[in-house]
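Participant: Next comes the structure file start-v5.txt, holding compact mmCIF, C-alpha atoms.
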```
# COMPACT_ATOMS: atom_id res chain seq x y z
CA MET A 1 -11.12 -22.35 13.37
CA PRO A 2 -10.77 -20.65 16.79
CA GLU A 3 -12.77 -17.46 17.28
CA ASN A 4 -11.20 -14.14 18.26
CA LEU A 5 -11.69 -12.90 21.81
CA PHE A 6 -12.74 -9.48 20.49
CA PRO A 7 -13.49 -7.95 17.07
CA SER A 8 -10.44 -7.28 14.92
CA PRO A 9 -10.46 -4.22 12.65
CA PRO A 10 -10.15 -4.88 8.91
CA TRP A 11 -7.12 -3.74 6.97
CA PRO A 12 -7.50 -0.09 6.00
CA ALA A 13 -7.75 0.52 2.25
CA LEU A 14 -6.75 3.46 0.05
CA PRO A 15 -8.89 4.69 -2.84
CA VAL A 16 -7.43 4.44 -6.35
CA GLN A 17 -8.10 7.25 -8.78
CA ASN A 18 -10.94 6.50 -11.22
CA GLU A 19 -11.39 2.92 -9.92
CA ARG A 20 -13.97 1.23 -7.72
CA ALA A 21 -11.52 -1.23 -6.16
CA CYS A 22 -9.37 -0.05 -3.24
CA TYR A 23 -5.78 -0.84 -2.26
CA PRO A 24 -5.50 -2.77 1.06
CA LEU A 25 -2.84 -1.21 3.28
CA HIS A 26 -0.78 -3.69 5.32
CA ARG A 27 2.46 -1.95 6.27
CA ILE A 28 3.83 1.61 6.21
CA PHE A 29 7.57 2.08 5.84
CA CYS A 30 9.07 5.57 6.08
CA VAL A 31 12.39 7.14 5.09
CA GLY A 32 14.27 9.75 7.09
CA LYS A 33 16.84 12.22 5.81
CA ASN A 34 16.16 11.97 2.07
CA TYR A 35 16.28 15.71 1.19
CA ALA A 36 19.53 17.58 1.84
CA ALA A 37 17.84 20.88 2.74
CA HIS A 38 15.64 19.17 5.34
CA ILE A 39 18.66 17.42 6.83
CA ALA A 40 20.38 20.80 7.14
CA GLU A 41 17.39 22.44 8.84
CA MET A 42 17.37 19.58 11.38
CA GLY A 43 21.07 20.12 12.11
CA GLY A 44 22.45 17.14 10.18
CA LYS A 45 24.68 16.53 7.18
CA ALA A 46 23.55 14.78 4.01
CA ASP A 47 25.28 11.63 2.79
CA ARG A 48 24.59 8.55 0.65
CA GLU A 49 25.96 5.99 3.07
CA LYS A 50 22.60 4.31 3.70
CA PRO A 51 18.91 5.24 3.91
CA ILE A 52 17.25 5.53 7.32
CA TYR A 53 13.97 3.61 7.68
CA PHE A 54 11.29 3.54 10.35
CA THR A 55 7.71 2.29 10.44
CA LYS A 56 4.18 3.33 11.24
CA SER A 57 1.28 0.98 11.91
CA ALA A 58 -1.23 0.68 9.08
CA LEU A 59 -3.79 1.62 11.76
CA ALA A 60 -2.17 5.09 11.84
CA TYR A 61 -3.70 5.70 8.38
CA LEU A 62 -6.23 8.51 8.02
CA PRO A 63 -7.96 9.18 4.69
CA SER A 64 -7.53 12.59 3.12
CA GLY A 65 -10.12 15.27 3.79
CA LYS A 66 -10.86 14.29 7.39
CA GLU A 67 -10.57 16.09 10.72
CA SER A 68 -8.06 14.78 13.26
CA PRO A 69 -7.79 15.60 16.96
CA TYR A 70 -4.52 17.11 18.15
CA PRO A 71 -2.66 14.12 19.68
CA PRO A 72 -1.81 13.68 23.35
CA GLY A 73 1.71 13.75 24.75
CA THR A 74 3.07 16.60 22.62
CA ASP A 75 3.14 20.39 22.37
CA ASP A 76 5.03 20.38 19.04
CA TYR A 77 3.19 18.34 16.40
CA HIS A 78 4.84 18.78 12.99
CA TYR A 79 3.75 18.27 9.37
CA GLU A 80 5.95 16.53 6.79
CA VAL A 81 4.64 16.18 3.23
CA GLU A 82 5.84 13.03 1.46
CA PHE A 83 5.76 11.26 -1.90
CA CYS A 84 4.33 7.79 -1.26
CA VAL A 85 4.92 4.60 -3.23
CA VAL A 86 2.70 1.50 -3.10
CA LEU A 87 3.72 -1.92 -4.33
CA GLY A 88 1.93 -4.17 -6.76
CA GLY A 89 4.47 -7.01 -6.70
CA ALA A 90 6.70 -8.94 -4.30
CA LEU A 91 10.31 -7.92 -3.68
CA PHE A 92 13.13 -9.61 -1.78
CA LYS A 93 16.78 -8.73 -2.25
CA ALA A 94 15.73 -7.00 -5.46
CA SER A 95 17.79 -4.79 -7.73
CA PRO A 96 16.66 -1.18 -8.28
CA GLU A 97 15.45 -2.20 -11.74
CA GLU A 98 13.36 -5.04 -10.31
CA ALA A 99 12.03 -2.71 -7.62
CA ALA A 100 10.93 -0.13 -10.17
CA GLY A 101 8.92 -2.80 -11.99
CA ALA A 102 7.01 -3.74 -8.82
CA VAL A 103 5.52 -0.28 -8.19
CA PHE A 104 1.71 -0.15 -8.42
CA GLY A 105 1.30 3.59 -7.96
CA TYR A 106 1.92 6.80 -6.07
CA ALA A 107 0.13 9.07 -3.60
CA VAL A 108 0.75 12.14 -1.45
CA GLY A 109 1.04 11.64 2.30
CA LEU A 110 1.58 13.54 5.53
CA ASP A 111 3.97 12.01 8.06
CA MET A 112 2.85 13.79 11.23
CA THR A 113 5.45 13.80 14.00
CA ARG A 114 5.60 14.57 17.70
CA ARG A 115 8.77 16.64 17.17
CA ASP A 116 9.44 17.30 20.85
CA LEU A 117 9.40 13.56 21.55
CA GLN A 118 11.56 12.84 18.50
CA ASN A 119 14.15 15.40 19.63
CA ARG A 120 14.19 13.85 23.09
CA ALA A 121 14.64 10.39 21.57
CA LYS A 122 17.56 11.63 19.47
CA GLU A 123 19.18 13.15 22.56
CA PHE A 124 19.15 9.81 24.36
CA ALA A 125 19.70 7.64 21.24
CA SER A 126 16.26 6.09 21.78
CA PRO A 127 13.77 4.76 19.20
CA TRP A 128 11.40 7.17 17.44
CA ASP A 129 8.28 5.02 17.88
CA VAL A 130 6.17 7.31 20.09
CA ALA A 131 7.20 10.31 17.99
CA LYS A 132 6.30 8.79 14.64
CA ASP A 133 3.79 5.96 15.11
CA VAL A 134 0.99 8.25 16.28
CA GLU A 135 -2.72 7.58 15.82
CA GLU A 136 -3.96 9.22 12.58
CA SER A 137 -0.42 10.37 11.75
CA ALA A 138 -0.24 8.79 8.28
CA ILE A 139 -2.66 10.90 6.26
CA ILE A 140 -2.63 9.66 2.67
CA GLY A 141 -4.46 10.76 -0.47
CA PRO A 142 -5.81 8.61 -3.32
CA ILE A 143 -3.42 6.45 -5.34
CA THR A 144 -2.60 7.17 -8.98
CA ARG A 145 -1.31 4.20 -10.97
CA ALA A 146 2.36 4.41 -11.93
CA ALA A 147 1.67 4.27 -15.67
CA GLU A 148 -0.66 7.24 -15.40
CA PHE A 149 1.77 9.29 -13.31
CA GLY A 150 4.74 8.58 -15.57
CA GLU A 151 8.44 8.92 -14.80
CA ILE A 152 9.54 10.46 -11.51
CA GLY A 153 11.43 13.65 -12.28
CA ASP A 154 11.15 17.34 -11.42
CA GLN A 155 7.54 17.26 -10.23
CA ARG A 156 7.03 19.72 -7.36
CA ILE A 157 6.16 18.44 -3.89
CA ARG A 158 4.53 21.12 -1.74
CA LEU A 159 2.68 21.74 1.49
CA ARG A 160 0.44 24.65 2.48
CA LEU A 161 -0.50 25.50 6.06
CA ASP A 162 -3.71 27.55 6.17
CA GLY A 163 -3.05 28.54 2.57
CA ASP A 164 0.58 29.62 3.10
CA LEU A 165 3.25 27.70 1.19
CA ARG A 166 5.64 26.09 3.70
CA GLN A 167 7.33 23.24 1.80
CA ASP A 168 8.31 23.32 -1.87
CA ALA A 169 10.89 21.09 -3.60
CA ALA A 170 11.29 18.78 -6.59
CA LEU A 171 11.10 14.99 -6.41
CA SER A 172 14.49 14.98 -8.17
CA ASP A 173 15.93 16.53 -4.97
CA MET A 174 15.64 13.18 -3.19
CA ILE A 175 19.03 11.80 -2.17
CA TRP A 176 17.87 8.22 -2.69
CA SER A 177 15.63 7.42 -5.67
CA VAL A 178 12.48 5.33 -5.29
CA PRO A 179 14.04 2.21 -6.92
CA GLU A 180 17.10 2.53 -4.66
CA LEU A 181 14.95 2.93 -1.54
CA LEU A 182 12.84 -0.12 -2.39
CA SER A 183 15.88 -2.18 -3.30
CA ARG A 184 17.62 -1.43 0.01
CA LEU A 185 14.42 -2.05 1.97
CA SER A 186 13.97 -5.41 0.23
CA GLU A 187 17.29 -6.52 1.72
CA MET A 188 15.63 -6.43 5.16
CA TYR A 189 11.99 -7.35 4.45
CA HIS A 190 9.96 -9.56 2.16
CA LEU A 191 8.00 -6.75 0.52
CA ALA A 192 4.61 -7.41 -1.06
CA PRO A 193 1.44 -5.77 -2.35
CA GLY A 194 -0.08 -3.84 0.55
CA ASP A 195 3.24 -2.22 1.48
CA LEU A 196 3.55 1.56 1.27
CA LEU A 197 6.74 3.61 1.42
CA MET A 198 6.83 7.27 2.46
CA THR A 199 9.99 8.60 0.83
CA GLY A 200 11.00 11.53 3.07
CA THR A 201 10.16 15.20 3.36
CA PRO A 202 11.66 18.43 1.98
CA ALA A 203 12.74 21.41 4.08
CA GLY A 204 10.16 23.67 5.72
CA VAL A 205 8.65 21.39 8.35
CA GLY A 206 6.86 23.05 11.24
CA PRO A 207 4.14 22.81 13.88
CA VAL A 208 0.37 22.74 13.61
CA SER A 209 -2.20 23.85 16.17
CA VAL A 210 -5.90 23.32 16.75
CA GLY A 211 -7.70 24.68 13.69
CA SER A 212 -4.72 24.27 11.34
CA HIS A 213 -5.55 23.11 7.82
CA LEU A 214 -2.90 21.30 5.76
CA VAL A 215 -2.88 20.63 2.03
CA GLY A 216 -0.05 18.63 0.47
CA ASP A 217 0.37 18.04 -3.24
CA VAL A 218 2.65 16.55 -5.85
CA GLU A 219 2.23 17.52 -9.48
CA GLY A 220 0.24 14.78 -11.22
CA LEU A 221 -1.31 13.34 -8.03
CA SER A 222 -4.43 13.99 -5.96
CA ALA A 223 -3.77 16.33 -3.05
CA VAL A 224 -3.99 15.28 0.59
CA SER A 225 -5.62 17.43 3.28
CA VAL A 226 -6.49 17.42 6.97
CA THR A 227 -7.81 19.82 9.61
CA PHE A 228 -6.83 19.53 13.28
CA THR A 229 -9.42 19.81 16.04
CA GLU A 230 -9.43 19.97 19.83
CA ALA A 231 -7.91 16.94 21.54
CA ASP A 232 -10.31 14.16 22.50
```
Show me this structure written as structure tokens.
Facilitator:
Amino acid sequence: MPENLFPSPPWPALPVQNERACYPLHRIFCVGKNYAAHIAEMGGKADREKPIYFTKSALAYLPSGKESPYPPGTDDYHYEVEFCVVLGGALFKASPEEAAGAVFGYAVGLDMTRRDLQNRAKEFASPWDVAKDVEESAIIGPITRAAEFGEIGDQRIRLRLDGDLRQDAALSDMIWSVPELLSRLSEMYHLAPGDLLMTGTPAGVGPVSVGSHLVGDVEGLSAVSVTFTEAD
């Protein structure tokens, strides 16, 4: 077998609550515009025509509880707390019912965003890549198995910035349910274990600065946290 020209990093892996084995993370899919109040605060109008998807590299993953340097290229770095879904089975052109049966578990994540670059991209109808796929911008807490979490319903999803509550909604506020999101995504990708879906953020997004401490939580899941430091 040919050798690599340089060392290749291993797949990142997420801890699973109360288990020694970890969950290898291969791909991160994200959903935009899945809470009506957040759409309104961003100047849009909610609809159920189709979900909006984008991606982050798995190498953007940062474990919960770490420090992260403020990223280059932005003066407006925003937090977005998200309910995350990880797969335990393969899906392709699956029904919502089939999609629901393939879920391994759930976690809380932060989809950090260079908002100034995203707004510029929207203005010129350009891709969001440099706004969203930022190093250490997918901060994700430990996974809880689906059976332990139970049915998705009115659990609160919240974010605190330096102890102040900034985002607070119910998972039932999502425009598209988790099975619907996975089903639609499976029409475009062969989904498999190792795939993670961030399902969108509620209203209340805003900027962080050096020294900011974020804590995101969903009832029934381990919280996610991060502190931002001076840029490298």
Participant: Excluding stretch 83-85 of chain A and any residue of its chain fewer than 6 positions from it, enumerate the residues within 6 Å of it, using all atoms listed in the file, and give them as a PyMOL selection string.
Facilitator: chain A and resi 106-108+196-199
Participant: Rank nothing, just name the residue among A:Phe92, A:Tyr77, A:Tyr35, A:Phe104 nearest to A:Leu185, using all atoms listed in the file.
Facilitator: A:Phe92
Participant: Go through A:Pro2, A:Gly109, A:Gly153, A:Pro71 one by one, measure the shortest atom-to-atom distance of each to A:Ile139 using all atoms listed in the file, and give the residue with the smallest value.
Facilitator: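 Closest to A:Ile139, using all atoms listed in the file: A:Gly109.
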Participant: Rounded to one decimal, what separation in Å do you get between atom CA of A:Tyr70 and atom CA of A:Val226?
Facilitator: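 Computing the Euclidean distance for atom CA of A:Tyr70 and atom CA of A:Val226 yields 11.4 Å.
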Participant: Give the answer as one residue: which of A:Ala60, A:Ala94, A:Val16, A:Val205 has the shortest atom-to-atom distance to A:Glu187, using all atoms listed in the file?
Facilitator: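 Of all the options, A:Ala94 lies closest to A:Glu187.
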